[in-house]
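Okay, target-v7.cif is below, mmCIF, C-alpha atoms:
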data_entry
loop_
_atom_site.label_atom_id
_atom_site.label_comp_id
_atom_site.auth_asym_id
_atom_site.auth_seq_id
_atom_site.Cartn_x
_atom_site.Cartn_y
_atom_site.Cartn_z
CA MET A 15 -3.16 -79.42 -18.86
CA LYS A 16 -5.35 -81.25 -21.39
CA THR A 17 -7.20 -84.52 -20.91
CA LEU A 18 -9.08 -86.23 -23.73
CA ILE A 19 -11.66 -88.89 -22.98
CA LYS A 20 -12.56 -90.93 -26.07
CA ASN A 21 -15.60 -93.05 -27.02
CA VAL A 22 -17.56 -92.65 -23.83
CA LYS A 23 -21.32 -92.65 -23.29
CA ILE A 24 -22.24 -89.32 -21.72
CA VAL A 25 -25.32 -89.17 -19.46
CA ASN A 26 -26.50 -85.57 -19.26
CA GLU A 27 -29.71 -83.52 -19.28
CA GLY A 28 -32.01 -86.43 -20.06
CA GLN A 29 -29.88 -87.92 -22.85
CA ILE A 30 -27.27 -90.64 -23.32
CA PHE A 31 -24.98 -90.21 -26.30
CA GLU A 32 -21.56 -91.45 -27.38
CA SER A 33 -18.95 -88.73 -27.61
CA ASP A 34 -15.43 -87.55 -26.96
CA ILE A 35 -14.81 -84.89 -24.34
CA LEU A 36 -11.84 -82.56 -23.94
CA ILE A 37 -10.84 -81.07 -20.60
CA GLU A 38 -8.51 -78.06 -20.59
CA ASN A 39 -7.19 -77.03 -17.18
CA ASP A 40 -10.26 -76.97 -14.92
CA LEU A 41 -12.96 -76.68 -17.59
CA ILE A 42 -14.77 -78.83 -20.14
CA SER A 43 -13.66 -77.25 -23.43
CA LYS A 44 -15.20 -79.52 -26.10
CA ILE A 45 -17.90 -82.18 -26.35
CA GLU A 46 -17.89 -83.57 -29.89
CA PRO A 47 -18.39 -86.99 -31.55
CA SER A 48 -14.73 -87.13 -32.55
CA ILE A 49 -11.96 -84.95 -31.18
CA SER A 50 -8.43 -85.37 -32.49
CA GLU A 51 -6.24 -83.09 -30.48
CA ASP A 52 -2.95 -83.45 -28.65
CA ALA A 53 -3.55 -84.02 -24.96
CA ASP A 54 -1.42 -84.67 -21.89
CA GLN A 55 -3.49 -87.72 -21.11
CA ILE A 56 -5.91 -89.73 -23.20
CA ILE A 57 -8.42 -92.03 -21.53
CA ASP A 58 -10.29 -94.68 -23.49
CA GLY A 59 -13.87 -94.55 -22.25
CA SER A 60 -15.11 -97.44 -24.38
CA GLY A 61 -17.89 -99.34 -22.63
CA LYS A 62 -18.08 -96.78 -19.82
CA TYR A 63 -20.53 -94.04 -18.90
CA LEU A 64 -19.51 -90.49 -18.06
CA LEU A 65 -21.68 -88.58 -15.57
CA PRO A 66 -21.42 -85.11 -14.10
CA GLY A 67 -19.88 -85.43 -10.63
CA VAL A 68 -22.37 -86.08 -7.85
CA ILE A 69 -23.21 -83.11 -5.60
CA ASP A 70 -24.12 -84.33 -2.11
CA ASP A 71 -26.15 -81.59 -0.45
CA GLN A 72 -25.99 -83.04 3.07
CA VAL A 73 -22.94 -84.48 4.80
CA HIS A 74 -21.46 -84.38 8.30
CA PHE A 75 -17.68 -84.63 7.81
CA ARG A 76 -17.12 -84.02 11.58
CA ASP A 77 -14.51 -81.25 11.32
CA PRO A 78 -13.90 -79.59 13.73
CA GLY A 79 -14.24 -81.21 17.11
CA LEU A 80 -15.52 -84.70 16.30
CA THR A 81 -12.61 -85.85 14.18
CA HIS A 82 -12.25 -89.22 15.94
CA LYS A 83 -15.32 -90.20 13.85
CA GLY A 84 -14.16 -88.74 10.52
CA ASP A 85 -12.71 -85.54 9.12
CA ILE A 86 -12.86 -83.50 5.93
CA GLU A 87 -9.75 -85.22 4.57
CA THR A 88 -10.79 -88.84 5.15
CA GLU A 89 -14.45 -88.42 4.25
CA SER A 90 -13.88 -86.31 1.11
CA LYS A 91 -11.40 -88.97 -0.02
CA ALA A 92 -14.15 -91.58 0.37
CA ALA A 93 -16.49 -89.20 -1.48
CA ILE A 94 -14.33 -88.90 -4.60
CA ALA A 95 -13.92 -92.69 -4.64
CA GLY A 96 -17.73 -92.81 -4.75
CA GLY A 97 -18.09 -90.26 -7.55
CA ILE A 98 -19.04 -87.29 -5.34
CA THR A 99 -17.16 -84.20 -6.52
CA SER A 100 -18.90 -81.55 -4.35
CA PHE A 101 -20.37 -81.68 -0.86
CA ILE A 102 -22.33 -79.40 1.45
CA ASP A 103 -21.42 -79.93 5.10
CA GLN A 104 -23.72 -79.29 8.05
CA PRO A 105 -23.09 -76.93 11.00
CA ASN A 106 -23.61 -79.28 13.99
CA THR A 107 -19.90 -79.75 14.58
CA VAL A 108 -18.01 -78.88 17.79
CA PRO A 109 -18.24 -75.95 18.13
CA ASN A 110 -21.46 -75.47 16.12
CA ALA A 111 -20.95 -73.22 13.09
CA VAL A 112 -23.33 -70.52 14.34
CA THR A 113 -21.17 -67.40 14.07
CA GLN A 114 -19.46 -65.96 10.99
CA GLU A 115 -16.10 -66.52 12.67
CA LEU A 116 -16.75 -70.20 13.36
CA LEU A 117 -18.08 -70.67 9.82
CA ALA A 118 -14.92 -69.03 8.42
CA ASP A 119 -12.84 -71.45 10.51
CA LYS A 120 -14.60 -74.39 8.84
CA TYR A 121 -13.92 -72.92 5.40
CA GLU A 122 -10.23 -72.69 6.29
CA LEU A 123 -10.26 -76.39 7.18
CA GLY A 124 -12.02 -77.11 3.86
CA ALA A 125 -9.33 -75.23 1.93
CA GLN A 126 -6.62 -77.29 3.63
CA LYS A 127 -8.24 -80.71 3.67
CA ALA A 128 -10.90 -81.21 0.96
CA TYR A 129 -10.36 -83.55 -1.98
CA ALA A 130 -13.75 -82.47 -3.36
CA ASN A 131 -15.42 -79.07 -3.76
CA TYR A 132 -16.94 -77.84 -0.53
CA GLY A 133 -19.68 -75.67 0.92
CA PHE A 134 -20.54 -75.24 4.59
CA MET A 135 -23.99 -74.37 5.90
CA MET A 136 -24.46 -71.59 8.44
CA GLY A 137 -26.34 -72.86 11.51
CA GLY A 138 -29.35 -71.15 13.04
CA THR A 139 -30.17 -71.25 16.76
CA ASN A 140 -32.81 -69.70 19.01
CA ASP A 141 -30.67 -66.59 19.47
CA ASN A 142 -28.25 -65.96 16.58
CA LEU A 143 -30.43 -64.17 14.01
CA GLU A 144 -27.95 -61.29 13.74
CA GLU A 145 -25.13 -63.67 12.81
CA VAL A 146 -27.35 -65.58 10.38
CA LEU A 147 -28.19 -62.37 8.52
CA LYS A 148 -24.49 -61.58 7.97
CA THR A 149 -24.10 -64.74 5.85
CA ASN A 150 -22.85 -64.12 2.32
CA PRO A 151 -25.16 -65.87 -0.21
CA ARG A 152 -22.40 -65.77 -2.85
CA ASN A 153 -20.16 -68.27 -1.08
CA VAL A 154 -22.34 -70.02 1.53
CA PRO A 155 -25.00 -72.52 0.37
CA GLY A 156 -27.69 -71.71 2.94
CA ILE A 157 -28.93 -71.67 6.51
CA LYS A 158 -29.47 -74.97 8.35
CA LEU A 159 -32.10 -75.33 11.07
CA PHE A 160 -32.76 -78.36 13.26
CA LEU A 161 -36.47 -78.38 14.05
CA GLY A 162 -36.01 -81.60 16.02
CA SER A 163 -32.93 -82.22 18.11
CA SER A 164 -30.45 -84.49 16.46
CA THR A 165 -26.74 -84.26 17.21
CA GLY A 166 -25.39 -81.07 18.76
CA ASN A 167 -27.31 -78.36 20.60
CA MET A 168 -28.94 -76.64 17.69
CA LEU A 169 -32.63 -77.28 18.25
CA VAL A 170 -34.61 -74.23 17.09
CA ASP A 171 -37.96 -74.49 18.84
CA ASN A 172 -38.95 -70.88 19.46
CA PRO A 173 -41.81 -70.06 17.03
CA GLU A 174 -41.00 -66.33 17.04
CA THR A 175 -37.33 -66.98 16.21
CA LEU A 176 -38.32 -69.32 13.41
CA GLU A 177 -40.65 -66.80 11.87
CA ASN A 178 -37.95 -64.11 12.15
CA ILE A 179 -35.39 -66.27 10.35
CA PHE A 180 -37.86 -67.32 7.66
CA SER A 181 -38.99 -63.77 6.96
CA SER A 182 -35.57 -62.08 7.16
CA THR A 183 -33.41 -63.97 4.67
CA LYS A 184 -33.56 -64.66 0.94
CA MET A 185 -31.07 -67.47 1.36
CA LEU A 186 -32.14 -71.10 1.12
CA ILE A 187 -33.19 -72.48 4.51
CA ALA A 188 -32.59 -76.22 4.88
CA VAL A 189 -34.39 -78.00 7.69
CA HIS A 190 -34.26 -81.22 9.67
CA CYS A 191 -37.94 -81.83 10.48
CA GLU A 192 -38.96 -83.95 13.45
CA ASP A 193 -41.33 -82.72 16.17
CA GLU A 194 -39.46 -82.70 19.46
CA ALA A 195 -42.48 -82.99 21.78
CA THR A 196 -43.77 -86.05 19.90
CA ILE A 197 -40.35 -87.74 20.05
CA ARG A 198 -39.98 -87.06 23.77
CA ALA A 199 -43.41 -88.48 24.55
CA ASN A 200 -42.75 -91.57 22.44
CA THR A 201 -39.30 -92.08 24.02
CA GLN A 202 -40.77 -91.88 27.50
CA LYS A 203 -43.35 -94.53 26.65
CA TYR A 204 -40.64 -97.01 25.59
CA LEU A 205 -38.33 -96.04 28.49
CA ASP A 206 -41.13 -96.88 30.90
CA GLU A 207 -41.49 -100.27 29.27
CA TYR A 208 -37.85 -101.25 28.54
CA GLY A 209 -35.56 -98.91 30.49
CA GLU A 210 -32.42 -97.58 28.75
CA ASP A 211 -32.08 -100.66 26.55
CA ILE A 212 -34.99 -100.08 24.17
CA PRO A 213 -34.83 -102.54 21.24
CA VAL A 214 -33.71 -100.56 18.16
CA LYS A 215 -36.61 -102.02 16.15
CA PHE A 216 -38.84 -99.43 17.86
CA HIS A 217 -36.74 -96.50 16.58
CA HIS A 218 -39.18 -95.75 13.75
CA LEU A 219 -42.09 -95.71 16.22
CA ILE A 220 -40.25 -93.31 18.54
CA ARG A 221 -39.10 -90.97 15.78
CA SER A 222 -42.43 -91.60 14.14
CA GLU A 223 -44.32 -90.71 10.98
CA GLU A 224 -46.35 -88.26 13.07
CA ALA A 225 -43.19 -86.53 14.39
CA CYS A 226 -41.92 -86.04 10.84
CA TYR A 227 -45.19 -84.95 9.27
CA LYS A 228 -46.08 -82.55 12.06
CA SER A 229 -42.74 -80.77 11.78
CA SER A 230 -42.40 -80.65 7.99
CA SER A 231 -45.98 -79.49 7.45
CA LYS A 232 -45.40 -76.67 9.97
CA ALA A 233 -42.17 -75.63 8.26
CA ILE A 234 -43.89 -75.57 4.88
CA GLU A 235 -46.79 -73.54 6.27
CA LEU A 236 -44.29 -71.00 7.61
CA ALA A 237 -42.40 -70.88 4.30
CA GLU A 238 -45.64 -70.26 2.42
CA LYS A 239 -46.59 -67.51 4.86
CA THR A 240 -43.21 -65.73 4.70
CA GLY A 241 -42.17 -66.50 1.11
CA ALA A 242 -38.95 -68.18 2.31
CA ARG A 243 -36.94 -70.63 0.18
CA LEU A 244 -37.27 -73.92 2.06
CA HIS A 245 -35.47 -77.22 1.43
CA VAL A 246 -36.62 -80.14 3.57
CA PHE A 247 -33.80 -82.59 4.18
CA HIS A 248 -34.13 -86.40 4.35
CA LEU A 249 -37.84 -87.14 3.92
CA SER A 250 -38.56 -90.53 5.48
CA THR A 251 -42.33 -91.00 5.20
CA ALA A 252 -44.82 -91.50 2.39
CA LYS A 253 -47.18 -89.13 4.22
CA GLU A 254 -44.81 -86.15 3.90
CA THR A 255 -44.50 -86.51 0.13
CA VAL A 256 -48.00 -85.08 -0.40
CA LEU A 257 -46.72 -81.73 0.91
CA PHE A 258 -44.57 -81.16 -2.19
CA ARG A 259 -45.43 -80.30 -5.77
CA ASN A 260 -44.24 -81.47 -9.18
CA ASP A 261 -46.24 -79.21 -11.49
CA ILE A 262 -43.58 -76.52 -11.94
CA PRO A 263 -39.88 -76.73 -12.87
CA LEU A 264 -37.37 -77.02 -10.03
CA LYS A 265 -35.88 -73.59 -10.75
CA ASP A 266 -39.27 -72.02 -9.96
CA LYS A 267 -39.95 -74.01 -6.77
CA LYS A 268 -39.53 -72.22 -3.46
CA ILE A 269 -40.21 -75.37 -1.43
CA THR A 270 -38.14 -78.46 -2.24
CA ALA A 271 -37.32 -81.89 -0.82
CA GLU A 272 -34.48 -84.36 -0.52
CA VAL A 273 -34.45 -88.10 0.12
CA CYS A 274 -31.42 -90.04 1.34
CA VAL A 275 -30.08 -93.28 -0.08
CA HIS A 276 -30.74 -95.19 3.15
CA HIS A 277 -34.44 -94.34 3.17
CA LEU A 278 -34.62 -95.71 -0.39
CA THR A 279 -32.69 -98.86 0.60
CA PHE A 280 -33.69 -100.11 4.04
CA THR A 281 -36.96 -100.66 5.92
CA ASN A 282 -37.77 -101.30 9.59
CA ASP A 283 -37.53 -105.06 8.83
CA ASP A 284 -33.77 -104.57 8.46
CA TYR A 285 -33.35 -103.56 12.13
CA GLU A 286 -33.42 -107.29 12.88
CA THR A 287 -30.15 -107.97 11.04
CA LYS A 288 -28.50 -104.52 10.96
CA GLY A 289 -29.50 -103.26 14.41
CA SER A 290 -28.15 -99.86 15.39
CA LEU A 291 -25.96 -99.68 12.26
CA ILE A 292 -29.08 -98.40 10.49
CA LYS A 293 -30.20 -96.13 13.33
CA TRP A 294 -30.65 -92.76 11.62
CA ASN A 295 -32.60 -89.60 12.42
CA PRO A 296 -35.13 -89.46 10.90
CA ALA A 297 -35.58 -93.20 11.24
CA VAL A 298 -35.73 -95.77 8.47
CA LYS A 299 -39.43 -96.58 8.38
CA THR A 300 -41.79 -99.08 6.70
CA GLN A 301 -41.97 -100.67 3.25
CA HIS A 302 -45.01 -98.45 2.62
CA ASP A 303 -42.86 -95.39 3.35
CA LYS A 304 -40.00 -96.60 1.17
CA ASP A 305 -42.42 -97.23 -1.72
CA GLY A 306 -43.95 -93.78 -1.26
CA LEU A 307 -40.52 -92.11 -1.29
CA TRP A 308 -39.58 -93.90 -4.52
CA GLU A 309 -42.84 -92.83 -6.13
CA ALA A 310 -42.33 -89.18 -5.13
CA LEU A 311 -38.70 -89.26 -6.30
CA LEU A 312 -39.69 -90.53 -9.73
CA ASP A 313 -42.65 -88.18 -10.19
CA GLY A 314 -40.70 -85.04 -9.21
CA ARG A 315 -42.11 -84.20 -5.78
CA ILE A 316 -38.71 -85.12 -4.33
CA ASP A 317 -35.93 -83.20 -6.05
CA VAL A 318 -32.62 -84.49 -4.73
CA VAL A 319 -30.94 -87.72 -3.57
CA ALA A 320 -28.22 -87.29 -0.92
CA THR A 321 -26.52 -89.25 1.87
CA ASP A 322 -26.68 -87.42 5.21
CA HIS A 323 -23.26 -89.10 5.61
CA ALA A 324 -22.69 -89.14 9.38
CA PRO A 325 -19.93 -91.43 10.68
CA HIS A 326 -19.59 -92.64 14.27
CA THR A 327 -17.07 -95.11 15.65
CA ALA A 328 -18.03 -98.79 15.76
CA GLU A 329 -17.80 -98.61 19.58
CA GLU A 330 -20.24 -95.69 19.74
CA LYS A 331 -22.73 -97.59 17.58
CA GLN A 332 -22.64 -100.55 19.99
CA ASN A 333 -24.04 -98.51 22.89
CA SER A 334 -27.53 -99.12 24.25
CA TYR A 335 -30.40 -97.48 22.36
CA THR A 336 -30.53 -94.20 24.28
CA LYS A 337 -26.75 -93.73 24.16
CA CYS A 338 -26.17 -94.96 20.61
CA PRO A 339 -25.74 -92.02 18.19
CA SER A 340 -27.79 -91.91 15.00
CA GLY A 341 -26.08 -91.79 11.60
CA ALA A 342 -23.83 -93.82 9.33
CA PRO A 343 -21.25 -93.29 6.57
CA LEU A 344 -22.46 -93.44 2.94
CA VAL A 345 -20.54 -91.18 0.54
CA GLN A 346 -18.33 -93.92 -0.91
CA HIS A 347 -21.35 -96.00 -1.92
CA SER A 348 -24.34 -93.74 -2.65
CA LEU A 349 -23.87 -93.61 -6.44
CA ALA A 350 -23.10 -97.34 -6.66
CA VAL A 351 -26.27 -98.14 -4.67
CA MET A 352 -28.37 -95.92 -6.95
CA LEU A 353 -26.81 -97.65 -9.98
CA GLU A 354 -27.92 -100.94 -8.41
CA ASN A 355 -31.48 -99.56 -8.49
CA TYR A 356 -30.95 -98.77 -12.18
CA ARG A 357 -29.94 -102.39 -12.79
CA ASP A 358 -33.08 -103.50 -10.97
CA GLY A 359 -35.21 -101.37 -13.31
CA LYS A 360 -36.35 -98.91 -10.61
CA ILE A 361 -34.79 -95.75 -12.05
CA SER A 362 -33.06 -94.65 -15.26
CA LEU A 363 -29.46 -93.44 -15.52
CA GLU A 364 -30.75 -90.07 -16.71
CA LYS A 365 -32.95 -89.76 -13.62
CA ILE A 366 -30.07 -90.69 -11.27
CA VAL A 367 -27.97 -87.92 -12.83
CA GLU A 368 -30.88 -85.49 -12.57
CA LYS A 369 -31.43 -86.17 -8.86
CA MET A 370 -27.77 -86.44 -7.79
CA SER A 371 -26.00 -83.90 -10.02
CA HIS A 372 -28.28 -81.54 -11.97
CA ASN A 373 -30.90 -80.84 -9.32
CA PRO A 374 -28.57 -80.03 -6.40
CA ALA A 375 -26.84 -77.55 -8.74
CA ILE A 376 -30.16 -75.96 -9.77
CA LEU A 377 -31.63 -75.93 -6.27
CA PHE A 378 -28.58 -74.36 -4.59
CA ARG A 379 -27.80 -72.26 -7.70
CA ILE A 380 -24.26 -73.63 -7.76
CA GLU A 381 -22.12 -71.86 -10.30
CA LYS A 382 -20.86 -73.87 -13.32
CA ARG A 383 -21.19 -77.34 -11.84
CA GLY A 384 -23.60 -80.28 -11.98
CA PHE A 385 -23.77 -80.63 -15.79
CA VAL A 386 -21.59 -81.91 -18.63
CA ARG A 387 -21.44 -78.64 -20.59
CA GLU A 388 -18.72 -76.77 -22.44
CA GLY A 389 -17.37 -73.99 -20.22
CA TYR A 390 -18.43 -75.77 -17.02
CA LYS A 391 -16.03 -77.04 -14.37
CA ALA A 392 -14.71 -80.49 -15.24
CA ASP A 393 -16.18 -82.40 -12.28
CA LEU A 394 -16.78 -85.75 -13.95
CA VAL A 395 -17.18 -89.42 -13.09
CA LEU A 396 -16.56 -92.49 -15.24
CA VAL A 397 -18.49 -95.61 -14.25
CA ASP A 398 -18.33 -99.22 -15.34
CA LEU A 399 -21.80 -100.74 -15.13
CA ASN A 400 -20.40 -104.28 -15.32
CA ALA A 401 -17.93 -104.43 -12.45
CA ASP A 402 -18.90 -106.78 -9.62
CA TRP A 403 -17.61 -106.11 -6.12
CA THR A 404 -18.67 -106.48 -2.51
CA VAL A 405 -18.66 -103.80 0.17
CA ALA A 406 -16.17 -105.06 2.76
CA LYS A 407 -14.02 -103.69 5.58
CA ASP A 408 -10.86 -103.89 3.48
CA ASN A 409 -12.21 -101.60 0.74
CA LEU A 410 -13.74 -98.91 2.97
CA LEU A 411 -12.13 -95.46 3.04
CA TYR A 412 -14.19 -94.07 5.93
CA LYS A 413 -12.20 -93.19 9.03
CA CYS A 414 -14.73 -95.07 11.19
CA GLY A 415 -13.91 -98.28 9.29
CA TRP A 416 -17.44 -99.72 8.96
CA SER A 417 -20.48 -99.41 6.71
CA PRO A 418 -24.11 -100.48 7.07
CA LEU A 419 -23.74 -101.87 3.53
CA GLU A 420 -21.00 -104.40 4.35
CA GLY A 421 -21.70 -107.67 2.56
CA MET A 422 -23.76 -105.98 -0.16
CA ASN A 423 -22.87 -107.10 -3.68
CA LEU A 424 -22.66 -104.25 -6.19
CA HIS A 425 -22.39 -104.49 -9.96
CA SER A 426 -21.28 -100.97 -10.90
CA LYS A 427 -18.10 -99.18 -9.98
CA VAL A 428 -16.68 -95.69 -10.20
CA THR A 429 -13.42 -96.07 -12.16
CA GLN A 430 -12.29 -92.46 -12.48
CA THR A 431 -13.25 -89.16 -10.85
CA PHE A 432 -12.20 -85.70 -11.99
CA VAL A 433 -12.39 -82.63 -9.75
CA ASN A 434 -11.77 -79.30 -11.49
CA GLY A 435 -10.14 -81.09 -14.41
CA HIS A 436 -7.76 -83.15 -12.27
CA LEU A 437 -7.87 -86.93 -12.22
CA VAL A 438 -8.25 -87.40 -8.45
CA TYR A 439 -9.36 -91.04 -8.37
CA ASP A 440 -8.18 -93.66 -10.84
CA ASN A 441 -9.17 -97.32 -10.45
CA GLY A 442 -8.65 -97.44 -6.71
CA LYS A 443 -5.74 -95.00 -6.57
CA ILE A 444 -6.20 -91.56 -5.02
CA ASN A 445 -4.19 -88.56 -6.16
CA GLU A 446 -2.90 -87.22 -2.83
CA GLN A 447 -2.91 -83.63 -4.10
CA LYS A 448 -6.11 -81.80 -3.16
CA PHE A 449 -7.97 -79.92 -5.88
CA GLY A 450 -11.27 -79.13 -4.13
CA GLU A 451 -12.53 -75.55 -4.44
CA ARG A 452 -15.03 -73.50 -2.47
CA LEU A 453 -18.44 -73.69 -4.13
CA LEU A 454 -19.92 -70.42 -5.38
CA PHE A 455 -23.62 -69.65 -5.72
CA GLU A 456 -25.51 -67.41 -8.10
CA VAL A 457 -27.31 -64.69 -6.18
CA GLN A 458 -30.70 -63.65 -7.50
CA GLU A 459 -32.14 -60.31 -6.47
#
Turn this file's structure into structure tokens for me.
Amino acid sequence: MKTLIKNVKIVNEGQIFESDILIENDLISKIEPSISEDADQIIDGSGKYLLPGVIDDQVHFRDPGLTHKGDIETESKAAIAGGITSFIDQPNTVPNAVTQELLADKYELGAQKAYANYGFMMGGTNDNLEEVLKTNPRNVPGIKLFLGSSTGNMLVDNPETLENIFSSTKMLIAVHCEDEATIRANTQKYLDEYGEDIPVKFHHLIRSEEACYKSSSKAIELAEKTGARLHVFHLSTAKETVLFRNDIPLKDKKITAEVCVHHLTFTNDDYETKGSLIKWNPAVKTQHDKDGLWEALLDGRIDVVATDHAPHTAEEKQNSYTKCPSGAPLVQHSLAVMLENYRDGKISLEKIVEKMSHNPAILFRIEKRGFVREGYKADLVLVDLNADWTVAKDNLLYKCGWSPLEGMNLHSKVTQTFVNGHLVYDNGKINEQKFGERLLFEVQE
């Protein structure tokens, strides 16, 4: 199977250049100014930009056990419509993926249901070190630890266990950092004042700057002590950004950071209009925090932009504060929202590609993905930067049927997505065949 894309502007490795690109089977075979070769399909890319497919390093696709909220099939379909060609799913499903057998079960579901390429994190708990150490670094992206309880029962709060995990594995350890004791004390304070129905506008004061900083600084201290590879998920405060460095290349960093699209988009002022729809853990915080996150993203202290895509039903999100789950769906819109920031002059196209495609590939050492290079897997996205549309219920692909972005006007659109050389999304139409593959990782001794 050959696909030829003509006259397209390629955004890759800090450059934008006009070119043709030839895909043969699952690989990029040629990138040249002018390719004249017979192909099974020819796509005119005039006026469009071609990016390497987005790699989202943090999603919760809810399979198994929570599939009333979303599942690998529905959410990976939304992902390819949004230009995400690979995802890394988290272990706090039901049951939690904390044994090799349960992790293997999730991979079987991925093989059956994923429209995009997939990786599943192994989960750590207070008492599963033996299982964690059996994880194969060739085909599993890393170990996930919750250092503050979020969803599921995976809180790791035993200091000895933590140190054991950090010092026993060479695999990347990804962490959710919020200090549990701080959150509990803050929650109690507001419960005493308001009862169960705490106004959601206090969420960022309950899951506070202090809770985040205390936990992430401890995790980093432990990583420095043990030499572990640490990736801190979803930074939400300006204060935490000082803990990370930008004076060495990403491939040489042992301690890295991610920011999510919602923390770059919303502030606590938005609780007034959006309410619990923007209740996330860690919480959306202040304008000062949002500004600090943008600054750290642009200067290289933050390495990756992701979604933490976490759907819940509309009914669940309408519960009172203490019963309302945190999280929201984002994979269909994350690239489009970042392209909005490009239009507003906040970030370049090259930098978006670096943070959403190149850097996740470098950081997780993903084999042959994340770049537009000859010999690499043809995971590619075509975008039209002049296509106006509005996020609305009738164009959402999420199983939960809602988005915190509803009503937002966007000016860029994914028109085509390729996964492993196959055109899986074409101007609103999804190819119902699934071409997602298990992600593989380069193992360094």
Worksheet item: Written as a PyMOL selection string, what is the full residue list that the PyMOL selection byres ((chain A and resi 331) around 12) yields on the file shown?
Response: chain A and resi 83+214+288-294+324-330+332-343+414+416-418
Worksheet, complete the sentence: Of A:Ala195, A:Val386, A:Ala93, A:Leu410, the one sitting nearest A:Ser371 when using all atoms listed in the file is A:Val386
Worksheet entry | Between atom CA of A:Gly384 and atom CA of A:Ser60, distance in Å (one decimal) |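 According to the coordinates, atom CA of A:Gly384 and atom CA of A:Ser60 are separated by 22.8 Å.
By chain and then residue number, the residues within 8 Å of A:Glu177 are Pro173, Glu174, Phe180, Ser181, Leu236 and Thr240 of chain A, counting only C-alpha atoms and disregarding those fewer than 3 positions away in sequence.
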With 8 Å as the threshold, what does the neighbourhood of (-29.9, -65.7, -5.8) contain in terms of residues, counting all atoms listed in the file? Coordinates are those of the file; answer as an mmCIF file with C-alpha atoms, in the coordinates of the input.
data_model
loop_
_atom_site.group_PDB
_atom_site.id
_atom_site.type_symbol
_atom_site.label_atom_id
_atom_site.label_comp_id
_atom_site.auth_asym_id
_atom_site.auth_seq_id
_atom_site.Cartn_x
_atom_site.Cartn_y
_atom_site.Cartn_z
ATOM 1 C CA PRO A 151 -25.160 -65.870 -0.210
ATOM 2 C CA LYS A 184 -33.560 -64.660 0.940
ATOM 3 C CA MET A 185 -31.070 -67.470 1.360
ATOM 4 C CA ARG A 379 -27.800 -72.260 -7.700
ATOM 5 C CA PHE A 455 -23.620 -69.650 -5.720
ATOM 6 C CA GLU A 456 -25.510 -67.410 -8.100
ATOM 7 C CA VAL A 457 -27.310 -64.690 -6.180
ATOM 8 C CA GLN A 458 -30.700 -63.650 -7.500
ATOM 9 C CA GLU A 459 -32.140 -60.310 -6.470
#
Practice prompt. On this file, the PyMOL selection byres ((chain A and resi 348) around 8) gives some set of residues; write that set as a PyMOL selection string.
Written response: chain A and resi 96+275+320-321+344-347+349-352
